[in-house]
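Novice: work30.pdb is reproduced in full below (PDB, C-alpha atoms, pLDDT in the B column).
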```pdb
ATOM      1  CA  ASP A   1     129.244  60.554-235.298  1.00 67.00           C
ATOM      2  CA  GLY A   2     132.083  63.011-235.743  1.00 75.00           C
ATOM      3  CA  GLY A   3     132.892  65.493-233.052  1.00 91.00           C
ATOM      4  CA  ILE A   4     135.300  66.817-230.464  1.00 94.00           C
ATOM      5  CA  THR A   5     135.912  65.075-227.172  1.00 95.00           C
ATOM      6  CA  GLN A   6     137.414  66.903-224.231  1.00 96.00           C
ATOM      7  CA  SER A   7     138.503  65.260-221.017  1.00 95.00           C
ATOM      8  CA  PRO A   8     138.286  65.431-218.152  1.00 95.00           C
ATOM      9  CA  LYS A   9     135.075  67.415-217.753  1.00 93.00           C
ATOM     10  CA  TYR A  10     136.042  68.509-214.237  1.00 94.00           C
ATOM     11  CA  LEU A  11     139.540  68.699-212.803  1.00 93.00           C
ATOM     12  CA  PHE A  12     140.915  69.819-209.480  1.00 92.00           C
ATOM     13  CA  ARG A  13     144.546  70.753-209.084  1.00 89.00           C
ATOM     14  CA  LYS A  14     146.751  71.751-206.231  1.00 89.00           C
ATOM     15  CA  GLU A  15     148.881  74.837-206.629  1.00 86.00           C
ATOM     16  CA  GLY A  16     152.232  74.079-208.215  1.00 86.00           C
ATOM     17  CA  GLN A  17     151.005  71.106-210.223  1.00 90.00           C
ATOM     18  CA  ASN A  18     150.904  70.839-213.994  1.00 93.00           C
ATOM     19  CA  VAL A  19     147.751  69.402-215.535  1.00 95.00           C
ATOM     20  CA  THR A  20     146.984  68.320-219.086  1.00 96.00           C
ATOM     21  CA  LEU A  21     143.592  68.699-220.740  1.00 97.00           C
ATOM     22  CA  SER A  22     142.828  66.366-223.603  1.00 98.00           C
ATOM     23  CA  CYS A  23     141.172  67.349-226.892  1.00 98.00           C
ATOM     24  CA  GLU A  24     140.519  64.792-229.616  1.00 97.00           C
ATOM     25  CA  GLN A  25     138.603  65.289-232.868  1.00 97.00           C
ATOM     26  CA  ASN A  26     137.568  62.812-235.544  1.00 95.00           C
ATOM     27  CA  LEU A  27     136.374  65.454-238.014  1.00 93.00           C
ATOM     28  CA  ASN A  28     139.604  65.444-240.024  1.00 93.00           C
ATOM     29  CA  HIS A  29     139.993  69.163-239.317  1.00 92.00           C
ATOM     30  CA  ASP A  30     143.320  70.859-239.786  1.00 90.00           C
ATOM     31  CA  ALA A  31     142.812  73.795-237.421  1.00 90.00           C
ATOM     32  CA  MET A  32     142.397  73.358-233.694  1.00 94.00           C
ATOM     33  CA  TYR A  33     142.051  75.972-230.969  1.00 93.00           C
ATOM     34  CA  TRP A  34     142.133  76.273-227.181  1.00 96.00           C
ATOM     35  CA  TYR A  35     140.085  78.957-225.481  1.00 95.00           C
ATOM     36  CA  ARG A  36     139.723  80.068-221.911  1.00 96.00           C
ATOM     37  CA  GLN A  37     136.438  81.401-220.546  1.00 93.00           C
ATOM     38  CA  ASP A  38     136.108  83.209-217.229  1.00 91.00           C
ATOM     39  CA  PRO A  39     132.763  84.055-215.590  1.00 84.00           C
ATOM     40  CA  GLY A  40     131.035  86.908-217.390  1.00 78.00           C
ATOM     41  CA  GLN A  41     133.777  87.150-220.001  1.00 81.00           C
ATOM     42  CA  GLY A  42     134.116  86.174-223.618  1.00 84.00           C
ATOM     43  CA  LEU A  43     136.364  83.449-224.972  1.00 91.00           C
ATOM     44  CA  ARG A  44     140.059  84.227-225.123  1.00 92.00           C
ATOM     45  CA  LEU A  45     142.463  82.370-227.384  1.00 92.00           C
ATOM     46  CA  ILE A  46     145.296  80.492-225.686  1.00 95.00           C
ATOM     47  CA  TYR A  47     146.908  78.571-228.558  1.00 94.00           C
ATOM     48  CA  TYR A  48     145.964  77.456-232.024  1.00 92.00           C
ATOM     49  CA  SER A  49     147.319  75.031-234.568  1.00 93.00           C
ATOM     50  CA  GLN A  50     146.759  74.980-238.308  1.00 89.00           C
ATOM     51  CA  ILE A  51     148.697  71.831-239.097  1.00 90.00           C
ATOM     52  CA  VAL A  52     150.435  68.918-237.422  1.00 94.00           C
ATOM     53  CA  ASN A  53     153.687  69.814-235.650  1.00 94.00           C
ATOM     54  CA  ASP A  54     152.931  73.520-235.779  1.00 93.00           C
ATOM     55  CA  PHE A  55     151.144  75.804-233.330  1.00 94.00           C
ATOM     56  CA  GLN A  56     150.975  79.495-232.538  1.00 92.00           C
ATOM     57  CA  LYS A  57     150.474  81.493-229.355  1.00 93.00           C
ATOM     58  CA  GLY A  58     147.176  83.208-228.910  1.00 91.00           C
ATOM     59  CA  ASP A  59     146.367  86.214-226.784  1.00 89.00           C
ATOM     60  CA  ILE A  60     146.940  84.608-223.368  1.00 94.00           C
ATOM     61  CA  ALA A  61     149.545  81.865-223.922  1.00 95.00           C
ATOM     62  CA  GLU A  62     151.680  82.558-220.838  1.00 96.00           C
ATOM     63  CA  GLY A  63     151.644  79.641-218.430  1.00 96.00           C
ATOM     64  CA  TYR A  64     150.275  77.194-221.006  1.00 97.00           C
ATOM     65  CA  SER A  65     151.840  74.766-223.462  1.00 97.00           C
ATOM     66  CA  VAL A  66     150.480  72.599-226.278  1.00 98.00           C
ATOM     67  CA  SER A  67     151.582  69.946-228.727  1.00 97.00           C
ATOM     68  CA  ARG A  68     150.216  68.784-232.066  1.00 97.00           C
ATOM     69  CA  GLU A  69     151.863  65.470-232.831  1.00 97.00           C
ATOM     70  CA  LYS A  70     148.760  64.045-234.485  1.00 96.00           C
ATOM     71  CA  LYS A  71     146.060  65.718-236.539  1.00 96.00           C
ATOM     72  CA  GLU A  72     143.338  64.413-234.215  1.00 97.00           C
ATOM     73  CA  SER A  73     144.885  65.523-230.943  1.00 98.00           C
ATOM     74  CA  PHE A  74     145.723  68.924-229.432  1.00 98.00           C
ATOM     75  CA  PRO A  75     146.382  68.591-225.674  1.00 98.00           C
ATOM     76  CA  LEU A  76     146.767  71.656-223.477  1.00 98.00           C
ATOM     77  CA  THR A  77     149.043  71.682-220.417  1.00 97.00           C
ATOM     78  CA  VAL A  78     148.316  74.216-217.725  1.00 96.00           C
ATOM     79  CA  THR A  79     151.630  74.720-215.999  1.00 94.00           C
ATOM     80  CA  SER A  80     152.411  75.915-212.503  1.00 89.00           C
ATOM     81  CA  ALA A  81     153.509  79.197-214.105  1.00 88.00           C
ATOM     82  CA  GLN A  82     149.898  80.073-214.912  1.00 89.00           C
ATOM     83  CA  LYS A  83     148.993  82.537-212.166  1.00 88.00           C
ATOM     84  CA  ASN A  84     145.232  82.111-212.229  1.00 90.00           C
ATOM     85  CA  PRO A  85     144.354  78.799-213.873  1.00 92.00           C
ATOM     86  CA  THR A  86     140.853  78.321-212.468  1.00 94.00           C
ATOM     87  CA  ALA A  87     138.616  78.664-215.524  1.00 95.00           C
ATOM     88  CA  PHE A  88     136.544  76.854-218.119  1.00 95.00           C
ATOM     89  CA  TYR A  89     138.589  75.614-221.072  1.00 96.00           C
ATOM     90  CA  LEU A  90     137.128  74.975-224.510  1.00 95.00           C
ATOM     91  CA  CYS A  91     138.696  73.209-227.450  1.00 96.00           C
ATOM     92  CA  ALA A  92     137.476  73.853-230.988  1.00 94.00           C
ATOM     93  CA  SER A  93     138.316  72.809-234.508  1.00 93.00           C
ATOM     94  CA  ARG A  94     137.410  73.674-238.047  1.00 87.00           C
ATOM     95  CA  ARG A  95     138.284  72.781-241.587  1.00 83.00           C
ATOM     96  CA  GLN A  96     140.616  75.169-243.358  1.00 74.00           C
ATOM     97  CA  GLY A  97     140.936  75.642-247.048  1.00 68.00           C
ATOM     98  CA  ARG A  98     139.598  77.755-249.848  1.00 61.00           C
ATOM     99  CA  THR A  99     136.215  77.973-248.161  1.00 66.00           C
ATOM    100  CA  THR A 100     135.746  78.820-244.512  1.00 68.00           C
ATOM    101  CA  GLY A 101     134.846  75.861-242.353  1.00 77.00           C
ATOM    102  CA  GLU A 102     132.321  75.818-239.549  1.00 83.00           C
ATOM    103  CA  LEU A 103     133.573  75.856-235.961  1.00 86.00           C
ATOM    104  CA  PHE A 104     132.974  72.819-233.790  1.00 91.00           C
ATOM    105  CA  PHE A 105     133.425  72.896-230.017  1.00 93.00           C
ATOM    106  CA  GLY A 106     133.996  70.318-227.344  1.00 93.00           C
ATOM    107  CA  GLU A 107     131.959  70.214-224.135  1.00 92.00           C
ATOM    108  CA  GLY A 108     134.673  71.961-222.171  1.00 94.00           C
ATOM    109  CA  SER A 109     136.834  71.190-219.148  1.00 95.00           C
ATOM    110  CA  ARG A 110     136.383  73.038-215.871  1.00 95.00           C
ATOM    111  CA  LEU A 111     139.646  73.390-213.949  1.00 95.00           C
ATOM    112  CA  THR A 112     139.664  74.412-210.312  1.00 94.00           C
ATOM    113  CA  VAL A 113     142.841  75.097-208.376  1.00 90.00           C
ATOM    114  CA  LEU A 114     142.559  74.293-204.695  1.00 85.00           C
TER     115      LEU A 114
ATOM    116  CA  LYS B   1     136.445  99.592-228.924  1.00 64.00           C
ATOM    117  CA  ASN B   2     135.859  95.853-229.230  1.00 79.00           C
ATOM    118  CA  GLU B   3     136.011  94.428-232.714  1.00 89.00           C
ATOM    119  CA  VAL B   4     132.772  92.493-232.152  1.00 93.00           C
ATOM    120  CA  GLU B   5     129.936  93.939-230.100  1.00 94.00           C
ATOM    121  CA  GLN B   6     126.576  92.488-229.176  1.00 96.00           C
ATOM    122  CA  SER B   7     123.349  93.950-227.908  1.00 96.00           C
ATOM    123  CA  PRO B   8     121.616  93.575-225.634  1.00 97.00           C
ATOM    124  CA  GLN B   9     123.985  92.187-223.015  1.00 94.00           C
ATOM    125  CA  ASN B  10     121.122  90.566-221.096  1.00 96.00           C
ATOM    126  CA  LEU B  11     117.602  89.824-222.210  1.00 97.00           C
ATOM    127  CA  THR B  12     114.565  88.461-220.393  1.00 97.00           C
ATOM    128  CA  ALA B  13     111.530  87.472-222.423  1.00 97.00           C
ATOM    129  CA  GLN B  14     108.161  85.855-221.858  1.00 97.00           C
ATOM    130  CA  GLU B  15     107.562  82.511-223.508  1.00 97.00           C
ATOM    131  CA  GLY B  16     106.241  83.030-227.029  1.00 97.00           C
ATOM    132  CA  GLU B  17     107.887  86.393-227.613  1.00 97.00           C
ATOM    133  CA  PHE B  18     109.890  87.225-230.734  1.00 98.00           C
ATOM    134  CA  ILE B  19     113.529  87.852-229.805  1.00 98.00           C
ATOM    135  CA  THR B  20     116.282  89.701-231.656  1.00 98.00           C
ATOM    136  CA  ILE B  21     119.959  89.735-230.734  1.00 98.00           C
ATOM    137  CA  ASN B  22     122.293  92.040-232.636  1.00 98.00           C
ATOM    138  CA  CYS B  23     125.960  91.771-233.563  1.00 98.00           C
ATOM    139  CA  SER B  24     128.146  94.515-235.010  1.00 97.00           C
ATOM    140  CA  TYR B  25     131.751  94.076-236.080  1.00 96.00           C
ATOM    141  CA  SER B  26     134.475  96.348-237.354  1.00 94.00           C
ATOM    142  CA  VAL B  27     136.711  94.050-239.433  1.00 89.00           C
ATOM    143  CA  GLY B  28     136.329  92.523-242.863  1.00 89.00           C
ATOM    144  CA  ILE B  29     135.167  88.964-242.487  1.00 89.00           C
ATOM    145  CA  SER B  30     134.983  85.752-244.445  1.00 86.00           C
ATOM    146  CA  ALA B  31     132.202  84.326-242.253  1.00 88.00           C
ATOM    147  CA  LEU B  32     130.186  84.906-239.098  1.00 93.00           C
ATOM    148  CA  HIS B  33     129.019  82.360-236.555  1.00 94.00           C
ATOM    149  CA  TRP B  34     126.119  82.409-234.162  1.00 97.00           C
ATOM    150  CA  LEU B  35     126.863  80.128-231.233  1.00 96.00           C
ATOM    151  CA  GLN B  36     124.748  78.928-228.333  1.00 96.00           C
ATOM    152  CA  GLN B  37     126.211  78.157-224.908  1.00 94.00           C
ATOM    153  CA  HIS B  38     124.030  76.405-222.356  1.00 89.00           C
ATOM    154  CA  PRO B  39     124.606  76.622-218.585  1.00 85.00           C
ATOM    155  CA  GLY B  40     126.632  73.406-218.671  1.00 81.00           C
ATOM    156  CA  GLY B  41     129.196  75.210-220.789  1.00 83.00           C
ATOM    157  CA  GLY B  42     129.233  73.331-224.073  1.00 87.00           C
ATOM    158  CA  ILE B  43     128.961  75.468-227.204  1.00 92.00           C
ATOM    159  CA  VAL B  44     126.969  74.595-230.288  1.00 91.00           C
ATOM    160  CA  SER B  45     127.211  76.344-233.620  1.00 91.00           C
ATOM    161  CA  LEU B  46     123.765  77.492-234.723  1.00 95.00           C
ATOM    162  CA  PHE B  47     124.660  79.164-237.992  1.00 93.00           C
ATOM    163  CA  MET B  48     127.622  80.059-240.110  1.00 92.00           C
ATOM    164  CA  LEU B  49     126.875  82.656-242.745  1.00 92.00           C
ATOM    165  CA  SER B  50     128.687  85.035-245.053  1.00 90.00           C
ATOM    166  CA  SER B  51     125.718  86.631-246.794  1.00 92.00           C
ATOM    167  CA  GLY B  52     121.954  86.876-246.751  1.00 94.00           C
ATOM    168  CA  LYS B  53     119.814  84.856-244.410  1.00 97.00           C
ATOM    169  CA  LYS B  54     119.588  81.367-242.960  1.00 96.00           C
ATOM    170  CA  LYS B  55     116.718  79.675-241.154  1.00 97.00           C
ATOM    171  CA  HIS B  56     116.637  76.593-238.969  1.00 95.00           C
ATOM    172  CA  GLY B  57     113.416  75.814-237.177  1.00 96.00           C
ATOM    173  CA  ARG B  58     112.493  78.823-235.054  1.00 97.00           C
ATOM    174  CA  LEU B  59     115.883  80.464-235.527  1.00 97.00           C
ATOM    175  CA  ILE B  60     116.715  82.952-238.258  1.00 98.00           C
ATOM    176  CA  ALA B  61     120.078  84.621-238.838  1.00 98.00           C
ATOM    177  CA  THR B  62     120.708  87.530-241.168  1.00 98.00           C
ATOM    178  CA  ILE B  63     123.839  89.372-242.147  1.00 97.00           C
ATOM    179  CA  ASN B  64     124.501  92.675-243.921  1.00 96.00           C
ATOM    180  CA  ILE B  65     128.121  92.661-245.035  1.00 93.00           C
ATOM    181  CA  GLN B  66     128.121  96.310-246.140  1.00 94.00           C
ATOM    182  CA  GLU B  67     126.848  97.476-242.757  1.00 96.00           C
ATOM    183  CA  LYS B  68     128.939  94.930-240.829  1.00 96.00           C
ATOM    184  CA  HIS B  69     125.911  93.780-238.884  1.00 97.00           C
ATOM    185  CA  SER B  70     124.147  90.514-238.151  1.00 98.00           C
ATOM    186  CA  SER B  71     120.997  89.616-236.258  1.00 98.00           C
ATOM    187  CA  LEU B  72     119.760  86.417-234.674  1.00 98.00           C
ATOM    188  CA  HIS B  73     115.991  86.089-234.355  1.00 98.00           C
ATOM    189  CA  ILE B  74     114.096  83.541-232.287  1.00 98.00           C
ATOM    190  CA  THR B  75     110.420  83.163-233.066  1.00 97.00           C
ATOM    191  CA  ALA B  76     107.940  81.771-230.506  1.00 96.00           C
ATOM    192  CA  SER B  77     110.608  81.696-227.791  1.00 97.00           C
ATOM    193  CA  HIS B  78     110.609  78.851-225.279  1.00 97.00           C
ATOM    194  CA  PRO B  79     112.296  78.409-221.879  1.00 96.00           C
ATOM    195  CA  ARG B  80     114.668  75.875-223.448  1.00 95.00           C
ATOM    196  CA  ASP B  81     116.054  78.730-225.560  1.00 96.00           C
ATOM    197  CA  SER B  82     117.563  80.189-222.369  1.00 97.00           C
ATOM    198  CA  ALA B  83     121.280  80.320-222.997  1.00 96.00           C
ATOM    199  CA  VAL B  84     124.130  82.648-223.874  1.00 96.00           C
ATOM    200  CA  TYR B  85     124.246  83.512-227.563  1.00 97.00           C
ATOM    201  CA  ILE B  86     127.643  84.423-228.941  1.00 96.00           C
ATOM    202  CA  CYS B  87     128.493  86.095-232.216  1.00 96.00           C
ATOM    203  CA  ALA B  88     131.895  85.164-233.633  1.00 93.00           C
ATOM    204  CA  VAL B  89     133.577  86.421-236.782  1.00 91.00           C
ATOM    205  CA  ILE B  90     136.329  84.923-238.877  1.00 86.00           C
ATOM    206  CA  PRO B  91     138.362  87.886-240.181  1.00 85.00           C
ATOM    207  CA  PHE B  92     139.460  87.987-243.769  1.00 78.00           C
ATOM    208  CA  LEU B  93     143.239  88.408-243.803  1.00 66.00           C
ATOM    209  CA  MET B  94     144.895  89.201-247.085  1.00 51.00           C
ATOM    210  CA  LYS B  95     148.522  88.631-246.208  1.00 46.00           C
ATOM    211  CA  THR B  96     148.486  85.360-244.351  1.00 48.00           C
ATOM    212  CA  SER B  97     147.130  81.917-244.914  1.00 43.00           C
ATOM    213  CA  TYR B  98     145.657  81.587-241.442  1.00 50.00           C
ATOM    214  CA  ASP B  99     142.800  83.239-239.667  1.00 59.00           C
ATOM    215  CA  LYS B 100     141.553  83.583-236.116  1.00 74.00           C
ATOM    216  CA  VAL B 101     138.093  83.778-234.676  1.00 85.00           C
ATOM    217  CA  ILE B 102     137.013  86.920-232.810  1.00 88.00           C
ATOM    218  CA  PHE B 103     134.227  86.411-230.306  1.00 91.00           C
ATOM    219  CA  GLY B 104     131.628  88.850-229.094  1.00 92.00           C
ATOM    220  CA  PRO B 105     130.913  89.141-225.368  1.00 92.00           C
ATOM    221  CA  GLY B 106     127.687  87.166-225.595  1.00 94.00           C
ATOM    222  CA  THR B 107     124.029  87.903-224.895  1.00 96.00           C
ATOM    223  CA  SER B 108     122.459  86.125-221.948  1.00 96.00           C
ATOM    224  CA  LEU B 109     118.858  85.182-222.752  1.00 97.00           C
ATOM    225  CA  SER B 110     116.327  84.029-220.188  1.00 97.00           C
ATOM    226  CA  VAL B 111     112.879  82.957-221.377  1.00 97.00           C
ATOM    227  CA  ILE B 112     110.284  82.833-218.620  1.00 97.00           C
ATOM    228  CA  PRO B 113     107.289  80.465-218.832  1.00 95.00           C
TER     229      PRO B 113
END
```
Translate this structure into structure tokens?
Specialist:
Amino acid sequence: DGGITQSPKYLFRKEGQNVTLSCEQNLNHDAMYWYRQDPGQGLRLIYYSQIVNDFQKGDIAEGYSVSREKKESFPLTVTSAQKNPTAFYLCASRRQGRTTGELFFGEGSRLTVL
Amino acid sequence: KNEVEQSPQNLTAQEGEFITINCSYSVGISALHWLQQHPGGGIVSLFMLSSGKKKHGRLIATINIQEKHSSLHITASHPRDSAVYICAVIPFLMKTSYDKVIFGPGTSLSVIP
């Protein structure tokens, strides 16, 4: 079955460490997104990518970095520059084109900084 | 003012009740999603619609493009429907070839047996 796989599901990090969250999709979608969710708040866009080797900053990109070397993969690195990285991170994808594609989400990764 | 608003923010219902969650938005859109997020965190898309009405099992979603309003209805609610329901819109942008999703704040639903 097609879908989005995020890993790890839970991650603990010490302050000052970079961590990378994986997002892989086998839906052949062009567009991929990373969102951050904090308790009681809506989803906020970190980065998005419409095509391989191209990505754009979202609303809260500071302290994060991404790459899009393959269509299927859109990893997110939470760097030590991110002041408050403890959050729930969601990856999503959708088909782009002349008609609007449905959004698909991964199961999320919960990052806790110790 | 947020571009996507939902009401109510929190909702508690007795099992079997008919439930309505509302979404209002202020931008032109190409589509609207209703999403369901369970306590574990994963999000599932329930509906994507750009006009009219869609039905899946006990769930019904409607949209009025002129009024910029959508509703999600749950008939014969059940405790397993307890979740956060999120409205998300995909804005229609004339000048660019990309688009972003704007999420509402979510409605937390609790269905009591």
Novice: Using all atoms listed in the file, pick whichever of A:Asn18, A:Thr86, A:Gln41, A:Ser93 has the shortest atom-to-atom distance to Thr112 in chain A.
Specialist: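 Selected residue with least distance to Thr112 in chain A: A:Thr86.
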Novice: What do you get, as a ChimeraX atom specification, if you spell out every residue that the PyMOL selection byres ((chain B and resi 65-67) around 8) selects here?
Specialist: /B:50-51,63-64,68-69
Novice: Identify every residue of chain B that has at least one atom within 7 Å of any atom of chain A, counting all atoms listed in the file, and report the result as a PyMOL selection string.
Specialist: chain B and resi 30-31+41-45+48+103-106
Novice: Restricting the calculation to all atoms listed in the file: of A:Ser73, A:Ser65, A:Ser22, A:Thr5, which residue gets closest to Ile51 in chain A?
Specialist: A:Ser73
Novice: Report as a PyMOL selection string the residues that result from applying the PyMOL selection byres ((chain B and resi 53) around 12) to the structure here.
Specialist: chain B and resi 32+47-52+54-56+59-65+70-73
Novice: Taking all atoms listed in the file into account, which of A:Lys14, A:Ala87, A:Lys70, A:Thr79 comes nearest Tyr35 in chain A?
Specialist: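 Looking at the shortest contact to Tyr35 in chain A, the residue is A:Ala87.
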Novice: Evaluating the PyMOL selection byres ((chain B and resi 7) around 10) on the displayed file yields which residues, as an NGL selection string?
Specialist: :B and (5-6 or 8-11 or 20-24 or 71 or 104-108)
Novice: Compile the contact shell of His38 in chain B as a PyMOL selection string: residues with an atom at most 10 Å away, counting all atoms listed in the file, same-chain residues fewer than 6 positions apart removed.
Specialist: chain B and resi 44+80-85+108
Novice: If I wrap all listed atoms of range 43-54 of chain A in a box with edges along x, y and z and add 4 Å on each side, what are its centre and edge lengths in Å to one decimal, as lines of an AutoDock Vina configuration file?
Specialist:
```
center_x = 145.0
center_y = 76.6
center_z = -232.0
size_x = 25.3
size_y = 23.3
size_z = 22.1
```
Novice: Determine, counting only C-alpha atoms, which protein, DNA and RNA residues have an atom within 12 Å of an atom of His78 in chain B; residues of the same chain fewer than 2 positions away are not included. Present the result as an MDAnalysis selection string.
Specialist: chainID B and resid 12:19 58:59 74:76 80:83 109:113
Novice: So, counting all atoms listed in the file, which residue among A:Glu69, A:Asp59, A:Asp38, A:Asp54 is closest to Ile102 in chain B?
Specialist: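 Among the listed residues, A:Asp59 lies closest to Ile102 in chain B.
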Novice: Between CA of His33 in chain B and CA of Gly57 in chain B, what is the spacing in Å?
Specialist: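 CA of His33 in chain B lies 16.9 Å from CA of Gly57 in chain B.
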Novice: With only C-alpha atoms as the basis for distance, which of A:Val52, A:Leu111, A:Val78, A:Ile46 is at the shortest distance from Lys100 in chain B?
Specialist: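 Under the stated criterion, the closest residue is A:Ile46.
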Novice: Would you compute the distance between CA of Leu46 in chain B and CA of Leu11 in chain A? Give it in Å to one decimal.
Specialist: 28.4 Å
Novice: How far is it from CA of Gln82 in chain A to CA of Phe12 in chain A, in Å with one decimal?
Specialist: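 Computing it gives 14.7 Å between the two atoms.
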Novice: From the options B:Val101, B:Ala88, B:Glu3, B:Ser77, which residue's atoms come nearest to Met32 in chain A, counting all atoms listed in the file?
Specialist: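 With all atoms listed in the file as the atom set, the closest residue is B:Val101.
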